[in-house]
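Below: one structure, written as structure tokens.
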Amino acid sequence: MKVSELKHSGLKKWVEEAQALMTPDAVLVCDGSAAEYDRMIKITIDSGLATVLDENKRPGSVLYRSDPSDVARVEDRTYIASKNKDDAGPTNNWIDPAELKKTMSALYKGSMKGRVMYVIPFSMGPVGSEIAKVGVQITDSPYVVANMHIMARVGSKVLDVLGTDGFFVPCFHSVGKPLAAGEKDNGTWPCAPISNKYISHFPETREIWSYGSGYGGNALLGKKCLALRIASVLARDEGWLAEHMLILKITNPQGEVKYITGAFPSACGKTNLAMLIPTLPGWKVETVGDDIAWMKFGKDGRLYAINPEAGFFGVAPGTNNESNRNAMESIKKNTIFTNCGLTEDGDIWWEMIGHGAPGKEIIDWKGNRRPAPQSDKSPKGEEIAHPNARFTAPARQCPCIAKEWEDPAGVPISAFLFGGRRPKTVPLVNQSKSWLHGVFMGSIVGSEVTAAVISDQVGQVRRDPFAMLPFCGYNMGDYFKHWIKIGRTAEENGTADKLPKIFFVNWFRKNDEDKFIWPGYGENSRVLAWIFDRCDGKGKSVDTPIGTLPTPDAIERPAGVSEADMAELLRVDIEGWKKEIEDVRKNHYPKFGDRLPAELKTELDAIEKRLHG
Ligand code: OXD
Ligand code: MN
């Protein structure tokens, strides 16, 4: 489709302005067809960026290797450019919006020279759903177009919903590597140097401007940029929730169904939990979403959630048939792999994939030939796959995808889970005493920093409230207020009993020998079963100063977990919690200054009193 054929005058004008600024050689409005997807892949094969995988081993799949400077989200270069710095808050990078637009306009000037500008209309959420939102991304990366085909609903059907004057979030994206006359990428991943990368959000005008990176969350603008940072602002203004949460469907042996969402910081196994295979006989878990949940109140007072995405953009290393068989099945075909190893027989490989690599040699994510690893452990020297190597796979390929996953009305949520990696202090599971206590627990979520993150904080607990630290598009103190308001609205409407119950979980408790006490993965179904029962007011429980915990016999112990282990997993570590509370009071809450809701200070005082009582 040509730009002149666009029926939405605002969209047409915006595209024409972008064209005049970025001066691409051509412009194409994407139709979202399978033929278009194939064309995008073909373009990247021809420019030496994509390697086609063996058609028998991995049908319809390709592998890309990015530039070593462009391998992950760049949080230092991610901005919330609200008019007032305080509205971005202490946890976001801020630049004055006018200044930022000036800097970025200069970068965008001529940035698409020698390339095609693609215009991608996309819907986050089922097309036409009341909960869904439309965005339009302009990009000069065919790799991004292909990924957007998998991760969102794209093309003409979205333009139909948009009509002549519908609302859309305009999203600029350029890899920031114009081509001189006759110049080709020639196998080199196009991007700009790190100091020129900008992932910018303008919350007041609901705009996204991204420059210089072609990777994941920096470039697939429907995901973290729209569905979390901009959507969190829309949700605040419109009275709903946009959260960094998986959505799962759980069925008990009696055939009763509940839907649960869960917020966990990156690298805490969200995709694995969303696709869990229960070890508890008779129980079933199915997936609605693995990363983001948008929730709105239904007429019955319950919160209904949709997964705004259409695919999985999952971390590859560590994924195997033990940790996540459903993910392994989902990526058997029609998958885009980025920064994985390439085996001699034309398949992908990564650390902890569950087996060694065939043949003598393997090509690592940087394109270097290396001896083929005999086991699935990282060979000496650098990793074969980058630790943040990814797969992009259609959600419909997941064997445990719930049949409701595309229901435009969403699914009614019974429970929220919050959790992180906490080797000490935090018990296996803990139900909040009230909505406010639950918001308090969400506000203090912390996770141990692992070696996967480049940081000098390894081993320390980093606070990541509601797992939204890198994804909240406004002041986190105001975000806490919004959560409190959701509870208050339900109370005022007389529907407080319809709100999801709130639970804190911790699969990562360690003993004094630094070994995990809880086996995790499929065994987590035992904890989900207790949560399921608690939602119906059942499940044996005990009231404690930190919340409502299972009695020692409430959760059936899996093999390898002794009675003493269970006691430790459910112990209320009074001294540890006193330290936790002190850290929140001294180091965490003061960051939010006068934007911290008084209700949370009251909760903090109350738990402290209970701990001393
Ligand atoms: C992700 C993340 O990629 O949270 O989903 O970092
Ligand atoms: Mn995520």
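Every chain in the structure tokens has a letter given in the order shown (A, B, ...), and although residue numbers restart at 1 in each chain, ligands are simply numbered from 1 in the order shown.
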
I want to know what sits within 12 Å of Asp497 in chain A, based on only C-alpha atoms, with residues of the same chain fewer than 4 positions away left out; could you give that as a ChimeraX atom specification? /A:300-303,414-415,434-435,487-493,501,535-537

Could I get the residue neighbourhood of ligand 1 at 7 Å, counting only C-alpha atoms and all ligand atoms, as a PyMOL selection string? chain A and resi 217+265-266+291+313-314

May I ask you to write as a PyMOL selection string all residues lying at most 12 Å from ligand 2, with only C-alpha atoms and all ligand atoms counted? chain A and resi 72-73+216-217+223-225+227-228+243-246+262-271+289-293+309+312-315+466-471

Would you output that residue set with C-alpha atoms, as a PDB file, in the first residue's frame?
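Now in out32.pdb:
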```pdb
ATOM      1  CA  ALA A  72      20.019  -5.975  25.004  1.00  0.00           C
ATOM      2  CA  ARG A  73      17.769  -3.216  26.285  1.00  0.00           C
ATOM      3  CA  GLY A 216      14.505  -6.414  21.072  1.00  0.00           C
ATOM      4  CA  GLY A 217      12.848  -4.045  23.494  1.00  0.00           C
ATOM      5  CA  LYS A 223       6.488  -4.401  23.675  1.00  0.00           C
ATOM      6  CA  LYS A 224       8.217  -2.560  26.511  1.00  0.00           C
ATOM      7  CA  CYS A 225       7.853   0.955  25.033  1.00  0.00           C
ATOM      8  CA  ALA A 227       2.635  -1.987  26.131  1.00  0.00           C
ATOM      9  CA  LEU A 228       4.377  -0.983  29.365  1.00  0.00           C
ATOM     10  CA  GLU A 243       1.678  -4.594  34.107  1.00  0.00           C
ATOM     11  CA  HIS A 244       4.881  -6.578  33.595  1.00  0.00           C
ATOM     12  CA  MET A 245       3.004  -9.795  34.342  1.00  0.00           C
ATOM     13  CA  LEU A 246       2.548 -13.272  32.924  1.00  0.00           C
ATOM     14  CA  GLY A 262       2.476 -12.749  38.117  1.00  0.00           C
ATOM     15  CA  ALA A 263       5.044  -9.957  38.191  1.00  0.00           C
ATOM     16  CA  PHE A 264       8.687 -10.991  38.455  1.00  0.00           C
ATOM     17  CA  PRO A 265      11.821  -9.018  37.577  1.00  0.00           C
ATOM     18  CA  SER A 266      13.731 -10.095  34.450  1.00  0.00           C
ATOM     19  CA  ALA A 267      15.662 -13.408  34.866  1.00  0.00           C
ATOM     20  CA  CYS A 268      13.259 -14.896  37.459  1.00  0.00           C
ATOM     21  CA  GLY A 269      11.672 -17.518  35.177  1.00  0.00           C
ATOM     22  CA  LYS A 270       8.453 -15.794  34.112  1.00  0.00           C
ATOM     23  CA  THR A 271       8.217 -17.638  30.796  1.00  0.00           C
ATOM     24  CA  GLY A 289       0.758 -14.561  28.233  1.00  0.00           C
ATOM     25  CA  ASP A 290       4.382 -14.662  29.392  1.00  0.00           C
ATOM     26  CA  ASP A 291       5.390 -11.016  29.852  1.00  0.00           C
ATOM     27  CA  ILE A 292       2.672  -8.347  29.863  1.00  0.00           C
ATOM     28  CA  ALA A 293      -0.919  -8.107  31.153  1.00  0.00           C
ATOM     29  CA  GLU A 309       1.325  -9.556  22.580  1.00  0.00           C
ATOM     30  CA  PHE A 312       7.179 -14.826  22.791  1.00  0.00           C
ATOM     31  CA  PHE A 313      10.472 -12.938  22.764  1.00  0.00           C
ATOM     32  CA  GLY A 314      12.216 -15.292  25.148  1.00  0.00           C
ATOM     33  CA  VAL A 315      15.748 -15.642  26.493  1.00  0.00           C
ATOM     34  CA  PHE A 466       6.060  -4.511  40.896  1.00  0.00           C
ATOM     35  CA  ALA A 467       8.899  -5.680  38.536  1.00  0.00           C
ATOM     36  CA  MET A 468       8.240  -2.369  36.768  1.00  0.00           C
ATOM     37  CA  LEU A 469      11.483  -0.527  37.568  1.00  0.00           C
ATOM     38  CA  PRO A 470      12.635  -0.237  33.918  1.00  0.00           C
ATOM     39  CA  PHE A 471       9.084  -0.091  32.521  1.00  0.00           C
TER      40      PHE A 471
END
```

Which residue out of A:Cys340, A:Ala559, A:Val175, A:Met352 has the minimum interatomic distance to Met22 in chain A when only C-alpha atoms are used? A:Val175

To test your reading of the structure, identify every residue in range 141-176 of chain A that backbone DSSP assigns to strand (DSSP E or B), and report it as an NGL selection string. :A and (153-154 or 169-174)

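You can rank A:Lys591, A:Lys197, A:Arg77, A:Lys296 by their closest distance to Leu107 in chain A using only C-alpha atoms, and at the top of that list sits A:Lys197.
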
Which residues are close to Pro379 in chain A, i.e. within 10 Å by only C-alpha atoms, leaving aside same-chain residues fewer than 6 positions away? Reply as an NGL selection string. :A and (351 or 370-373)

If we count only C-alpha atoms, what is near Leu28 in chain A at a cut-off of 10 Å, once residues fewer than 3 positions away on the same chain are taken out, given as a list of chain:residue names? A:Met1, A:Lys2, A:Val3, A:Asp31, A:Val116, A:Met117, A:Tyr118, A:Val119, A:Ile120, A:Ile138

Write the residues of the selection above to a file with N, CA and C atoms, as an mmCIF file, in the first residue's frame.
```cif
data_model
loop_
_atom_site.group_PDB
_atom_site.id
_atom_site.type_symbol
_atom_site.label_atom_id
_atom_site.label_comp_id
_atom_site.auth_asym_id
_atom_site.auth_seq_id
_atom_site.Cartn_x
_atom_site.Cartn_y
_atom_site.Cartn_z
ATOM 1 N N MET A 1 0.838 -1.200 0.000
ATOM 2 C CA MET A 1 0.000 0.000 0.000
ATOM 3 C C MET A 1 0.876 1.254 0.000
ATOM 4 N N LYS A 2 0.389 2.292 -0.706
ATOM 5 C CA LYS A 2 1.167 3.543 -0.767
ATOM 6 C C LYS A 2 0.680 4.503 0.328
ATOM 7 N N VAL A 3 1.540 5.431 0.684
ATOM 8 C CA VAL A 3 1.176 6.409 1.719
ATOM 9 C C VAL A 3 -0.045 7.212 1.270
ATOM 10 N N ASP A 31 1.227 -4.645 5.006
ATOM 11 C CA ASP A 31 -0.130 -5.222 4.990
ATOM 12 C C ASP A 31 -0.271 -6.390 5.980
ATOM 13 N N VAL A 116 14.644 1.448 2.943
ATOM 14 C CA VAL A 116 13.191 1.583 2.775
ATOM 15 C C VAL A 116 12.591 1.937 4.133
ATOM 16 N N MET A 117 11.643 2.861 4.123
ATOM 17 C CA MET A 117 10.917 3.155 5.362
ATOM 18 C C MET A 117 9.642 2.312 5.378
ATOM 19 N N TYR A 118 9.522 1.448 6.379
ATOM 20 C CA TYR A 118 8.321 0.608 6.527
ATOM 21 C C TYR A 118 7.391 1.260 7.538
ATOM 22 N N VAL A 119 6.110 1.242 7.228
ATOM 23 C CA VAL A 119 5.104 1.782 8.145
ATOM 24 C C VAL A 119 4.283 0.584 8.627
ATOM 25 N N ILE A 120 4.395 0.291 9.935
ATOM 26 C CA ILE A 120 3.724 -0.917 10.461
ATOM 27 C C ILE A 120 2.554 -0.524 11.370
ATOM 28 N N ILE A 138 7.169 3.330 12.498
ATOM 29 C CA ILE A 138 7.949 3.573 11.289
ATOM 30 C C ILE A 138 9.334 3.009 11.550
#
```
